[in-house]
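Visitor: Just so it is clear, I am handing over final10.cif, which has mmCIF, C-alpha atoms and all ligand atoms.
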```cif
data_entry
loop_
_atom_site.label_atom_id
_atom_site.label_comp_id
_atom_site.auth_asym_id
_atom_site.auth_seq_id
_atom_site.Cartn_x
_atom_site.Cartn_y
_atom_site.Cartn_z
CA MET M 1 -109.61 91.75 -9.59
CA ASN M 2 -112.62 93.17 -7.77
CA ILE M 3 -112.38 96.83 -6.78
CA LEU M 4 -114.14 98.96 -4.16
CA ILE M 5 -114.22 102.74 -4.54
CA ILE M 6 -115.12 104.81 -1.47
CA GLY M 7 -116.95 108.08 -2.20
CA SER M 8 -119.95 109.37 -4.09
CA GLY M 9 -118.86 112.21 -6.34
CA GLY M 10 -117.77 112.89 -9.89
CA ARG M 11 -114.21 112.08 -8.90
CA GLU M 12 -115.20 108.56 -7.89
CA HIS M 13 -117.34 108.08 -11.03
CA ALA M 14 -114.43 109.20 -13.24
CA LEU M 15 -111.95 106.90 -11.45
CA GLY M 16 -114.40 103.99 -11.70
CA TRP M 17 -115.03 104.67 -15.40
CA LYS M 18 -111.28 104.49 -16.04
CA LEU M 19 -110.69 101.45 -13.82
CA ARG M 20 -113.52 99.65 -15.65
CA GLN M 21 -111.46 99.82 -18.83
CA SER M 22 -108.70 97.71 -17.31
CA PRO M 23 -108.65 94.15 -18.64
CA ARG M 24 -107.97 93.05 -15.06
CA CYS M 25 -111.03 94.80 -13.60
CA ASP M 26 -113.69 92.30 -12.66
CA LYS M 27 -116.42 93.54 -10.30
CA LEU M 28 -116.57 97.23 -9.44
CA TYR M 29 -118.22 98.36 -6.21
CA PHE M 30 -118.90 101.84 -4.88
CA ALA M 31 -119.70 102.90 -1.33
CA PRO M 32 -121.96 104.79 -1.41
CA GLY M 33 -121.75 105.88 -5.09
CA ASN M 34 -124.44 107.74 -7.06
CA ALA M 35 -126.84 107.10 -9.95
CA GLY M 36 -123.96 107.22 -12.46
CA THR M 37 -121.74 104.76 -10.61
CA ALA M 38 -124.67 102.36 -10.42
CA MET M 39 -124.56 102.23 -14.25
CA ILE M 40 -120.95 100.97 -14.29
CA GLY M 41 -120.83 98.99 -11.06
CA GLU M 42 -122.73 98.13 -7.91
CA ASN M 43 -123.48 100.67 -5.19
CA LEU M 44 -123.17 99.32 -1.67
CA ASP M 45 -125.08 100.32 1.38
CA LEU M 46 -122.03 100.49 3.67
CA ALA M 47 -121.50 103.34 6.12
CA ILE M 48 -118.22 105.14 5.41
CA GLU M 49 -118.78 107.91 7.95
CA PRO M 50 -117.89 108.20 10.71
CA VAL M 51 -114.74 106.16 10.37
CA ASN M 52 -114.84 103.88 13.39
CA THR M 53 -114.15 100.25 14.20
CA LYS M 54 -117.68 99.11 13.42
CA ASN M 55 -117.88 100.75 10.00
CA ALA M 56 -114.33 99.82 9.02
CA ASP M 57 -114.95 96.22 10.09
CA ALA M 58 -118.08 96.10 7.91
CA ILE M 59 -116.10 97.30 4.88
CA ASP M 60 -113.29 94.87 5.65
CA TYR M 61 -115.79 92.01 6.00
CA PHE M 62 -117.38 92.87 2.66
CA CYS M 63 -113.97 92.99 0.97
CA ARG M 64 -112.86 89.65 2.40
CA HIS M 65 -116.07 87.93 1.32
CA ASN M 66 -116.16 89.47 -2.14
CA GLY M 67 -112.56 89.10 -3.20
CA VAL M 68 -111.83 92.83 -3.30
CA GLY M 69 -108.14 93.23 -4.22
CA LEU M 70 -108.02 97.01 -4.43
CA ILE M 71 -109.74 99.68 -2.33
CA VAL M 72 -109.61 103.25 -3.64
CA ILE M 73 -110.46 105.97 -1.13
CA GLY M 74 -111.56 109.16 -2.94
CA PRO M 75 -112.33 111.92 -0.40
CA GLU M 76 -110.12 113.52 2.26
CA ASP M 77 -112.38 113.04 5.28
CA PRO M 78 -112.14 109.24 5.53
CA LEU M 79 -108.41 109.41 4.73
CA ALA M 80 -107.79 111.95 7.50
CA ALA M 81 -109.85 109.77 9.85
CA GLY M 82 -107.61 106.77 9.17
CA LEU M 83 -109.75 104.60 6.90
CA ALA M 84 -106.72 103.57 4.80
CA ASP M 85 -104.92 102.46 7.98
CA ARG M 86 -107.89 100.40 9.14
CA LEU M 87 -108.35 98.65 5.80
CA GLN M 88 -104.74 97.53 5.34
CA HIS M 89 -104.63 93.78 4.86
CA PRO M 90 -102.07 91.49 3.18
CA SER M 91 -104.72 90.24 0.74
CA ARG M 92 -105.36 93.61 -0.86
CA ALA M 93 -103.96 96.98 -1.91
CA VAL M 94 -105.31 100.26 -0.56
CA PHE M 95 -104.96 103.37 -2.70
CA GLY M 96 -104.87 106.44 -0.44
CA PRO M 97 -102.55 107.66 2.31
CA SER M 98 -102.55 106.82 6.02
CA ALA M 99 -103.98 109.33 8.50
CA SER M 100 -100.48 110.49 9.44
CA ALA M 101 -99.70 111.19 5.78
CA ALA M 102 -103.14 112.74 5.09
CA ARG M 103 -102.27 115.29 7.75
CA ILE M 104 -100.61 117.23 4.95
CA GLU M 105 -104.18 118.29 4.06
CA SER M 106 -106.05 117.88 7.34
CA ASP M 107 -103.70 120.03 9.42
CA LYS M 108 -102.58 123.15 7.58
CA ALA M 109 -100.44 124.29 10.50
CA TRP M 110 -98.46 121.05 10.50
CA SER M 111 -98.25 121.09 6.71
CA LYS M 112 -96.85 124.62 6.74
CA GLN M 113 -94.18 123.61 9.25
CA LEU M 114 -93.28 120.57 7.16
CA MET M 115 -92.81 122.76 4.08
CA ARG M 116 -90.75 125.28 6.02
CA SER M 117 -88.48 122.59 7.39
CA VAL M 118 -87.25 121.82 3.87
CA ALA M 119 -87.59 125.34 2.42
CA VAL M 120 -90.40 124.48 0.00
CA PRO M 121 -91.59 127.77 -1.53
CA THR M 122 -94.93 128.60 0.09
CA ALA M 123 -96.78 131.70 1.27
CA GLU M 124 -95.21 133.25 4.39
CA ALA M 125 -97.42 132.42 7.34
CA ARG M 126 -97.98 132.63 11.05
CA ILE M 127 -99.89 130.05 13.04
CA PHE M 128 -102.13 130.99 15.98
CA ARG M 129 -104.05 128.94 18.53
CA ASP M 130 -105.13 131.94 20.57
CA PRO M 131 -107.83 134.20 19.03
CA GLY M 132 -106.54 137.29 20.91
CA ALA M 133 -103.05 136.85 19.50
CA ALA M 134 -104.43 136.27 15.99
CA LEU M 135 -106.57 139.42 16.20
CA ALA M 136 -103.65 141.50 17.45
CA PHE M 137 -101.50 140.22 14.60
CA VAL M 138 -103.97 141.06 11.81
CA THR M 139 -104.80 144.46 13.30
CA HIS M 140 -101.22 145.58 12.96
CA HIS M 141 -100.44 143.81 9.70
CA GLU M 142 -100.07 146.12 6.74
CA THR M 143 -100.39 143.87 3.71
CA PRO M 144 -103.43 141.72 2.77
CA VAL M 145 -103.68 138.24 4.26
CA VAL M 146 -105.55 134.99 3.80
CA VAL M 147 -106.98 133.52 7.01
CA LYS M 148 -107.35 129.74 7.02
CA ALA M 149 -108.93 127.33 9.44
CA ALA M 150 -106.16 124.82 10.10
CA GLY M 151 -108.40 121.74 9.93
CA LEU M 152 -110.67 120.23 7.27
CA ALA M 153 -113.53 122.52 6.25
CA LYS M 154 -114.91 121.05 3.01
CA GLY M 155 -112.65 123.34 1.00
CA LYS M 156 -114.34 126.45 2.43
CA GLY M 157 -112.01 127.29 5.30
CA ALA M 158 -109.76 129.81 3.49
CA ILE M 159 -110.90 133.44 3.64
CA VAL M 160 -109.11 135.84 1.32
CA THR M 161 -109.19 139.34 2.83
CA ALA M 162 -108.42 142.84 1.57
CA ASP M 163 -107.64 144.76 4.77
CA ALA M 164 -107.22 144.53 8.53
CA ASP M 165 -110.97 144.76 9.25
CA GLU M 166 -111.80 141.90 6.93
CA ALA M 167 -108.95 139.86 8.35
CA ALA M 168 -110.18 140.43 11.91
CA ALA M 169 -113.70 139.43 10.84
CA ALA M 170 -112.29 136.24 9.31
CA VAL M 171 -110.42 135.38 12.52
CA ARG M 172 -113.65 135.89 14.48
CA ARG M 173 -115.67 133.69 12.12
CA ILE M 174 -113.15 130.88 12.36
CA MET M 175 -111.93 131.04 15.97
CA ILE M 176 -114.77 132.65 17.92
CA ASP M 177 -117.98 131.89 15.97
CA ARG M 178 -116.50 128.46 15.16
CA GLU M 179 -118.02 128.49 11.69
CA PHE M 180 -115.94 125.44 10.75
CA GLY M 181 -116.13 123.75 14.15
CA ASP M 182 -112.93 122.17 15.48
CA ALA M 183 -111.18 122.97 12.19
CA GLY M 184 -110.88 126.46 13.68
CA ASP M 185 -108.91 125.47 16.80
CA ALA M 186 -105.93 127.04 15.04
CA VAL M 187 -105.59 129.46 12.14
CA VAL M 188 -102.89 129.90 9.55
CA ILE M 189 -102.57 133.54 8.51
CA GLU M 190 -100.73 133.86 5.23
CA GLU M 191 -99.48 136.60 2.98
CA ARG M 192 -101.90 137.00 0.10
CA LEU M 193 -100.23 135.92 -3.12
CA SER M 194 -101.25 136.74 -6.65
CA GLY M 195 -100.94 134.82 -9.89
CA GLN M 196 -102.63 131.96 -11.68
CA GLU M 197 -103.42 128.81 -9.74
CA VAL M 198 -102.53 125.38 -11.06
CA SER M 199 -103.08 121.93 -9.62
CA VAL M 200 -100.17 119.53 -9.82
CA LEU M 201 -101.11 115.97 -8.93
CA ALA M 202 -98.46 113.34 -8.41
CA LEU M 203 -98.62 109.66 -7.61
CA VAL M 204 -96.36 108.87 -4.67
CA ASP M 205 -95.45 105.30 -3.66
CA GLY M 206 -93.49 106.07 -0.51
CA ARG M 207 -90.29 107.13 -2.27
CA SER M 208 -90.89 107.56 -6.00
CA ILE M 209 -92.98 110.31 -7.51
CA TYR M 210 -94.83 110.28 -10.82
CA VAL M 211 -96.18 113.69 -11.79
CA LEU M 212 -99.43 113.70 -13.79
CA ASP M 213 -100.34 116.24 -16.45
CA THR M 214 -101.21 119.63 -14.99
CA THR M 215 -104.73 120.94 -14.58
CA GLN M 216 -106.41 124.18 -13.56
CA ASP M 217 -109.78 124.51 -11.92
CA HIS M 218 -112.22 127.35 -11.39
CA LYS M 219 -113.26 127.61 -7.76
CA GLN M 220 -115.54 130.64 -7.98
CA ALA M 221 -119.21 130.16 -8.69
CA PHE M 222 -119.88 132.61 -11.48
CA GLU M 223 -118.55 133.53 -14.90
CA GLY M 224 -115.48 135.75 -14.94
CA ASP M 225 -114.39 134.07 -11.65
CA GLN M 226 -116.86 136.07 -9.59
CA GLY M 227 -118.87 135.13 -6.54
CA PRO M 228 -118.31 132.74 -3.66
CA ASN M 229 -115.90 129.81 -3.64
CA THR M 230 -117.32 126.40 -4.49
CA GLY M 231 -115.94 122.88 -4.59
CA GLY M 232 -114.96 123.67 -8.21
CA MET M 233 -117.07 124.71 -11.23
CA GLY M 234 -114.85 123.30 -13.96
CA ALA M 235 -111.34 122.21 -14.86
CA TYR M 236 -109.15 121.65 -17.88
CA CYS M 237 -106.10 119.66 -18.79
CA PRO M 238 -103.39 120.28 -19.84
CA THR M 239 -102.73 123.92 -19.11
CA PRO M 240 -100.44 125.88 -21.43
CA LEU M 241 -99.07 127.73 -18.39
CA MET M 242 -97.08 124.73 -17.23
CA THR M 243 -93.95 124.52 -19.35
CA ASP M 244 -91.59 121.54 -19.06
CA GLU M 245 -89.11 123.81 -17.32
CA LEU M 246 -91.65 124.93 -14.73
CA MET M 247 -92.72 121.35 -14.20
CA GLN M 248 -89.09 120.35 -13.53
CA GLN M 249 -88.81 123.17 -11.04
CA VAL M 250 -92.02 122.12 -9.25
CA GLU M 251 -90.83 118.55 -9.05
CA SER M 252 -87.34 119.29 -7.76
CA GLU M 253 -88.05 122.28 -5.51
CA ILE M 254 -91.49 121.36 -4.20
CA LEU M 255 -92.58 117.73 -4.57
CA VAL M 256 -89.29 115.91 -3.97
CA PRO M 257 -88.35 117.87 -0.81
CA THR M 258 -91.88 117.42 0.54
CA VAL M 259 -91.82 113.65 0.11
CA ASP M 260 -88.28 113.59 1.58
CA ALA M 261 -89.48 115.54 4.61
CA LEU M 262 -92.34 113.07 5.13
CA HIS M 263 -89.93 110.19 4.83
CA ARG M 264 -87.52 111.84 7.29
CA ASP M 265 -90.41 112.05 9.78
CA GLY M 266 -91.10 108.34 9.36
CA ILE M 267 -94.25 108.85 7.25
CA THR M 268 -94.72 106.67 4.20
CA TYR M 269 -96.90 108.61 1.76
CA ARG M 270 -98.79 106.36 -0.66
CA GLY M 271 -101.46 107.76 -2.95
CA VAL M 272 -101.95 111.08 -4.68
CA LEU M 273 -100.19 114.19 -3.49
CA TYR M 274 -101.98 117.24 -4.84
CA ALA M 275 -100.07 120.53 -4.76
CA GLY M 276 -102.24 123.62 -5.20
CA LEU M 277 -99.77 126.17 -6.55
CA MET M 278 -99.83 129.86 -7.25
CA LEU M 279 -97.58 130.92 -10.13
CA THR M 280 -96.28 134.13 -8.57
CA PRO M 281 -93.82 136.57 -10.12
CA GLY M 282 -91.27 135.02 -7.72
CA GLY M 283 -91.92 131.48 -8.97
CA PRO M 284 -94.40 128.74 -8.06
CA LYS M 285 -95.46 128.63 -4.41
CA VAL M 286 -97.61 126.10 -2.57
CA ILE M 287 -100.91 127.42 -1.26
CA GLU M 288 -102.16 124.05 -0.10
CA TYR M 289 -101.49 120.36 -0.19
CA ASN M 290 -104.28 117.82 -0.60
CA CYS M 291 -104.02 114.11 0.05
CA ARG M 292 -106.27 112.90 -2.82
CA PHE M 293 -107.25 113.46 -6.43
CA GLY M 294 -108.65 116.93 -7.19
CA ASP M 295 -112.34 117.18 -7.90
CA PRO M 296 -113.12 118.20 -10.69
CA GLU M 297 -109.48 118.07 -11.86
CA VAL M 298 -109.44 114.29 -12.17
CA GLN M 299 -112.58 114.39 -14.33
CA ALA M 300 -110.48 116.35 -16.85
CA LEU M 301 -107.44 114.08 -16.41
CA MET M 302 -109.00 110.62 -16.78
CA PRO M 303 -110.29 110.99 -20.36
CA ARG M 304 -106.71 111.86 -21.43
CA LEU M 305 -105.00 109.03 -19.56
CA LYS M 306 -103.89 106.26 -21.88
CA GLY M 307 -103.11 102.97 -20.29
CA ASP M 308 -104.29 101.10 -17.29
CA LEU M 309 -105.31 103.01 -14.15
CA LEU M 310 -105.58 99.75 -12.20
CA GLU M 311 -101.91 98.98 -12.85
CA LEU M 312 -100.97 102.54 -11.90
CA MET M 313 -102.87 102.36 -8.64
CA LEU M 314 -101.42 98.96 -7.75
CA ALA M 315 -97.91 100.20 -8.54
CA THR M 316 -98.51 103.20 -6.26
CA ALA M 317 -99.88 101.13 -3.41
CA GLU M 318 -97.14 98.51 -3.74
CA GLY M 319 -94.16 100.85 -4.09
CA ARG M 320 -93.39 100.04 -7.75
CA LEU M 321 -93.91 103.42 -9.41
CA ASP M 322 -90.41 103.37 -10.87
CA GLU M 323 -91.64 100.65 -13.27
CA VAL M 324 -94.42 102.82 -14.66
CA GLU M 325 -94.69 104.95 -17.81
CA ILE M 326 -97.80 107.03 -18.53
CA ASP M 327 -98.99 108.31 -21.90
CA TRP M 328 -101.48 111.10 -22.38
CA ASP M 329 -103.92 111.68 -25.21
CA PRO M 330 -102.60 114.80 -26.98
CA ARG M 331 -106.10 116.28 -27.13
CA ALA M 332 -107.32 118.79 -24.56
CA CYS M 333 -110.01 117.96 -22.04
CA CYS M 334 -112.46 120.37 -20.47
CA CYS M 335 -114.78 119.49 -17.60
CA VAL M 336 -117.84 121.67 -16.97
CA VAL M 337 -119.74 121.31 -13.71
CA MET M 338 -123.54 121.48 -13.78
CA ALA M 339 -124.94 122.70 -10.46
CA SER M 340 -128.21 122.90 -8.57
CA GLU M 341 -130.17 126.13 -8.27
CA GLY M 342 -128.83 128.00 -5.23
CA TYR M 343 -125.46 126.22 -5.00
CA PRO M 344 -123.06 126.93 -3.23
CA GLY M 345 -125.81 128.11 -0.86
CA PRO M 346 -128.80 125.97 0.13
CA TYR M 347 -130.47 124.00 -2.68
CA GLU M 348 -133.25 121.49 -3.17
CA LYS M 349 -132.70 117.88 -4.12
CA GLY M 350 -134.86 115.42 -5.99
CA ARG M 351 -135.37 117.28 -9.26
CA VAL M 352 -135.95 115.00 -12.23
CA ILE M 353 -133.19 114.97 -14.86
CA GLU M 354 -133.85 114.64 -18.59
CA GLY M 355 -131.70 114.46 -21.69
CA LEU M 356 -128.76 112.40 -20.41
CA GLU M 357 -128.77 110.00 -23.34
CA GLN M 358 -128.83 112.77 -25.94
CA ALA M 359 -126.01 114.61 -24.13
CA GLU M 360 -123.86 111.50 -24.08
CA GLN M 361 -124.11 111.16 -27.86
CA GLU M 362 -122.12 114.37 -28.40
CA ASP M 363 -118.72 113.66 -29.89
CA GLY M 364 -115.93 113.09 -27.35
CA VAL M 365 -118.19 113.68 -24.34
CA PHE M 366 -118.12 111.81 -21.00
CA ILE M 367 -120.75 112.46 -18.39
CA PHE M 368 -119.68 111.86 -14.82
CA HIS M 369 -122.36 112.01 -12.15
CA ALA M 370 -121.51 114.04 -9.05
CA GLY M 371 -124.73 114.55 -7.07
CA THR M 372 -127.39 112.26 -8.48
CA ALA M 373 -129.58 109.49 -7.11
CA THR M 374 -131.98 106.95 -8.55
CA HIS M 375 -135.56 107.63 -7.50
CA PRO M 376 -137.69 104.55 -6.64
CA SER M 377 -139.53 105.25 -9.93
CA GLY M 378 -136.25 104.57 -11.75
CA LYS M 379 -135.74 108.19 -12.75
CA VAL M 380 -132.40 109.91 -12.15
CA VAL M 381 -132.81 112.91 -9.85
CA THR M 382 -130.55 115.63 -8.45
CA ASP M 383 -129.00 114.82 -5.08
CA GLY M 384 -126.26 117.38 -4.48
CA GLY M 385 -125.01 120.91 -5.16
CA ARG M 386 -122.80 119.80 -8.01
CA VAL M 387 -124.87 117.42 -10.12
CA PHE M 388 -122.82 116.50 -13.21
CA ASN M 389 -119.27 116.87 -14.41
CA VAL M 390 -119.45 116.95 -18.18
CA SER M 391 -116.02 116.34 -19.71
CA ALA M 392 -115.16 116.58 -23.38
CA LEU M 393 -112.06 115.99 -25.48
CA GLY M 394 -111.23 118.33 -28.35
CA SER M 395 -108.35 119.18 -30.63
CA ASP M 396 -107.78 122.21 -28.41
CA LEU M 397 -109.27 123.61 -25.22
CA ARG M 398 -111.75 125.80 -27.08
CA GLU M 399 -113.18 122.86 -29.00
CA ALA M 400 -113.27 120.74 -25.85
CA ARG M 401 -115.15 123.44 -23.99
CA ASP M 402 -117.62 124.00 -26.85
CA ARG M 403 -118.41 120.29 -26.83
CA ALA M 404 -118.83 120.14 -23.06
CA ASN M 405 -121.07 123.22 -23.09
CA ALA M 406 -123.16 121.77 -25.94
CA ALA M 407 -123.65 118.55 -23.96
CA CYS M 408 -124.62 120.53 -20.83
CA GLU M 409 -127.30 122.35 -22.85
CA LYS M 410 -128.96 119.00 -23.51
CA ILE M 411 -129.23 118.02 -19.86
CA GLY M 412 -132.32 119.44 -18.23
CA TYR M 413 -133.58 119.76 -14.65
CA GLU M 414 -135.27 122.63 -12.92
CA GLY M 415 -132.74 125.34 -12.00
CA ALA M 416 -129.80 123.73 -13.86
CA TRP M 417 -126.85 126.06 -14.45
CA PHE M 418 -123.18 125.96 -15.38
CA ARG M 419 -120.34 128.29 -16.26
CA ARG M 420 -119.79 128.64 -19.99
CA ASP M 421 -116.37 130.23 -19.62
CA ILE M 422 -114.24 127.37 -18.22
CA GLY M 423 -110.67 127.90 -19.39
CA HIS M 424 -111.09 131.61 -20.11
CA ARG M 425 -107.90 132.43 -18.21
CA VAL M 426 -105.76 130.72 -20.83
CA LEU M 427 -107.91 131.17 -23.96
P1 LIG T 501 -107.13 126.55 0.12
O1 LIG T 501 -108.32 125.99 0.85
O2 LIG T 501 -105.92 126.73 0.95
O3 LIG T 501 -106.88 125.86 -1.18
O4 LIG T 501 -107.59 127.98 -0.39
C1 LIG T 501 -108.73 128.14 -1.20
C2 LIG T 501 -108.50 129.24 -2.20
O5 LIG T 501 -108.14 130.46 -1.53
C3 LIG T 501 -107.33 128.97 -3.12
O6 LIG T 501 -107.71 128.19 -4.22
C4 LIG T 501 -106.93 130.37 -3.53
O7 LIG T 501 -107.75 130.85 -4.56
C5 LIG T 501 -107.18 131.16 -2.29
N1 LIG T 501 -105.92 131.26 -1.52
C6 LIG T 501 -105.46 130.39 -0.60
N2 LIG T 501 -104.26 130.78 -0.11
C7 LIG T 501 -103.96 131.93 -0.73
C8 LIG T 501 -102.87 132.85 -0.66
N3 LIG T 501 -101.84 132.67 0.19
N4 LIG T 501 -102.89 133.94 -1.46
C9 LIG T 501 -103.94 134.16 -2.30
N5 LIG T 501 -105.00 133.34 -2.41
C10 LIG T 501 -105.02 132.24 -1.64
N1 LIG T 502 -110.68 121.23 -7.03
C1 LIG T 502 -110.14 121.51 -5.76
C2 LIG T 502 -109.99 120.36 -4.88
O1 LIG T 502 -110.21 119.21 -5.24
O2 LIG T 502 -109.61 120.58 -3.74
#
```
Would you give me this structure, written as structure tokens?
Guide:
Amino acid sequence: MNILIIGSGGREHALGWKLRQSPRCDKLYFAPGNAGTAMIGENLDLAIEPVNTKNADAIDYFCRHNGVGLIVIGPEDPLAAGLADRLQHPSRAVFGPSASAARIESDKAWSKQLMRSVAVPTAEARIFRDPGAALAFVTHHETPVVVKAAGLAKGKGAIVTADADEAAAAVRRIMIDREFGDAGDAVVIEERLSGQEVSVLALVDGRSIYVLDTTQDHKQAFEGDQGPNTGGMGAYCPTPLMTDELMQQVESEILVPTVDALHRDGITYRGVLYAGLMLTPGGPKVIEYNCRFGDPEVQALMPRLKGDLLELMLATAEGRLDEVEIDWDPRACCCVVMASEGYPGPYEKGRVIEGLEQAEQEDGVFIFHAGTATHPSGKVVTDGGRVFNVSALGSDLREARDRANAACEKIGYEGAWFRRDIGHRVL
């Protein structure tokens, strides 16, 4: 079977790397891909944004003429814009939810109401479409809140505040200064929760749910979880925080009612449902739902997945998840993100990268490219804020992290940096 993966990050490289191992995987295409995906498949020059009839037709045409039997859509933007809907065809499977199902991520106000309707534990929240009403609410609110742009904002639309002044400033940034554009048409103002955050990813085939091993990521830029939020600076899997009992509770009190509520509303959810949870003293609560694999969480999951990802994805897309059994490598996996100088602020691209081959020779190490490109000279250069996701297996998390860090040391480009403390919260 030929496969097309939409996206260009470390998530898509990791998924492609795992799909490649399937005996049924024939040709592997990426649109647009990066320098790493070009080493395991073919990068295509197909526009994926904006999602419109012309671009979707071009992808569909390519798939029909190249025998593509599975399309995997990695990022949330094309899913929210309906790419999965447009690419549905009897001759192929599409892995990724429809726009109406992706709304669980792309519209936080709607998502909150969905959770409330089935009493899924989540942060208490109020939704506002009027900036004046939102400002009045935060001014008189006594406990700290988190102010969130309701729409998609590249993971940066949640502002955690300490007091009423900060909360009012956050409302202004989102609703008046329009820092996140239309994503700020509405805000969700939530009680600020405390506790450790875990990412629970589940495959959903419309009715059945298959929960994957739990991961944790580090969103803040600097060591000790300091500094601004990023797309994720590292992740590990499994996490010792998630006991079997807690996992049962998350499945029965959170995931199952959510999928039931979607079903009740006539929405067939097919793909990955990602629950971002806070483990509060009062039990696990949802802080967000995402409609796709976590990045970099999946870069820590894939090296531990035994078995055939292609079969899993087909079973998800075709509503056969009840036939599936997944085994995990008992070793721990740690993924360390190497970033560009200046990230998450402005950064330069095009810096030449050295040492990849030496880094790859480290024991148990997998190097997934996130923001790289191939220069016309043939050299691999930096092309994004997050450049590599270096994952390593080890007998425990500490060994896995030591290996990943050692491999990162061998990769060189001007301004390269990474956090050496991934996993510190549980070590
Ligand atoms: P989100 O975009 O909703 O995932 O939020 C981004 C980050 O903001 C989360 O990973 C949390 O660290 C933090 N956050 C979001 N909601 C809350 C909340 N209700 N209480 C505390 N922190 C939160
Ligand atoms: N790692 C966080 C996310 O994928 O949203």
Visitor: Expressed in Å to a single decimal, how great is the separation between CA of Pro281 (chain M) and CA of Ser194 (chain M)?
Guide: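 CA of Ser194 (chain M) lies at a distance of 8.2 Å from CA of Pro281 (chain M).
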Visitor: To one decimal in Å, tell me the separation between CA of Val336 (chain M) and CA of Val160 (chain M).
Guide: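 Pair CA of Val336 (chain M) / CA of Val160 (chain M) returns 24.7 Å.
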Visitor: Closest to ligand LIG 501 (chain T) among M:Gly157, M:Ala404, M:Lys379, M:Val426, using all atoms listed in the file?
Guide: M:Gly157
Visitor: Could you list, as an MDAnalysis selection string, every residue within 8 Å of region 387-395 of chain M, counting only C-alpha atoms and ignoring same-chain residues fewer than 4 positions away?
Guide: chainID M and resid 10 234 296 299:300 303:304 331:340 363:372 382:383 399:401 403:404 407:408
Visitor: Based on the selection just made, write C-alpha atoms of those residues as a PDB file, in the frame of the given file.
Guide:
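Ended up saving to out-v2.pdb:
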```pdb
ATOM      1  CA  GLY M  10    -117.770 112.890  -9.890  1.00  0.00           C
ATOM      2  CA  GLY M 234    -114.850 123.300 -13.960  1.00  0.00           C
ATOM      3  CA  PRO M 296    -113.120 118.200 -10.690  1.00  0.00           C
ATOM      4  CA  GLN M 299    -112.580 114.390 -14.330  1.00  0.00           C
ATOM      5  CA  ALA M 300    -110.480 116.350 -16.850  1.00  0.00           C
ATOM      6  CA  PRO M 303    -110.290 110.990 -20.360  1.00  0.00           C
ATOM      7  CA  ARG M 304    -106.710 111.860 -21.430  1.00  0.00           C
ATOM      8  CA  ARG M 331    -106.100 116.280 -27.130  1.00  0.00           C
ATOM      9  CA  ALA M 332    -107.320 118.790 -24.560  1.00  0.00           C
ATOM     10  CA  CYS M 333    -110.010 117.960 -22.040  1.00  0.00           C
ATOM     11  CA  CYS M 334    -112.460 120.370 -20.470  1.00  0.00           C
ATOM     12  CA  CYS M 335    -114.780 119.490 -17.600  1.00  0.00           C
ATOM     13  CA  VAL M 336    -117.840 121.670 -16.970  1.00  0.00           C
ATOM     14  CA  VAL M 337    -119.740 121.310 -13.710  1.00  0.00           C
ATOM     15  CA  MET M 338    -123.540 121.480 -13.780  1.00  0.00           C
ATOM     16  CA  ALA M 339    -124.940 122.700 -10.460  1.00  0.00           C
ATOM     17  CA  SER M 340    -128.210 122.900  -8.570  1.00  0.00           C
ATOM     18  CA  ASP M 363    -118.720 113.660 -29.890  1.00  0.00           C
ATOM     19  CA  GLY M 364    -115.930 113.090 -27.350  1.00  0.00           C
ATOM     20  CA  VAL M 365    -118.190 113.680 -24.340  1.00  0.00           C
ATOM     21  CA  PHE M 366    -118.120 111.810 -21.000  1.00  0.00           C
ATOM     22  CA  ILE M 367    -120.750 112.460 -18.390  1.00  0.00           C
ATOM     23  CA  PHE M 368    -119.680 111.860 -14.820  1.00  0.00           C
ATOM     24  CA  HIS M 369    -122.360 112.010 -12.150  1.00  0.00           C
ATOM     25  CA  ALA M 370    -121.510 114.040  -9.050  1.00  0.00           C
ATOM     26  CA  GLY M 371    -124.730 114.550  -7.070  1.00  0.00           C
ATOM     27  CA  THR M 372    -127.390 112.260  -8.480  1.00  0.00           C
ATOM     28  CA  THR M 382    -130.550 115.630  -8.450  1.00  0.00           C
ATOM     29  CA  ASP M 383    -129.000 114.820  -5.080  1.00  0.00           C
ATOM     30  CA  GLU M 399    -113.180 122.860 -29.000  1.00  0.00           C
ATOM     31  CA  ALA M 400    -113.270 120.740 -25.850  1.00  0.00           C
ATOM     32  CA  ARG M 401    -115.150 123.440 -23.990  1.00  0.00           C
ATOM     33  CA  ARG M 403    -118.410 120.290 -26.830  1.00  0.00           C
ATOM     34  CA  ALA M 404    -118.830 120.140 -23.060  1.00  0.00           C
ATOM     35  CA  ALA M 407    -123.650 118.550 -23.960  1.00  0.00           C
ATOM     36  CA  CYS M 408    -124.620 120.530 -20.830  1.00  0.00           C
TER      37      CYS M 408
END
```
Visitor: Sorted by chain and rising residue number, which residues of chain M lie within 6 Å of ligand LIG 502 (chain T), and what are their closest atom pairs and distances in Å to one decimal, counting all atoms listed in the file, as a tab-separated table?
Guide:
```
residue	atom	partner	partner_atom	distance
M:Asp217	CA	T:LIG502	N1	6.0
M:Gly232	CA	T:LIG502	N1	5.1
M:Gly294	CA	T:LIG502	O1	3.4
M:Asp295	CA	T:LIG502	O1	4.0
M:Pro296	CA	T:LIG502	N1	5.3
M:Glu297	CA	T:LIG502	N1	5.9
```
Visitor: Give the residues close to ligand LIG 501 (chain T), within 10 Å, counting all atoms listed in the file; write them as a PyMOL selection string.
Guide: chain M and resi 105+108+122-125+144-150+152-161+188-199+217-220+229-232+275-278+280+285-290
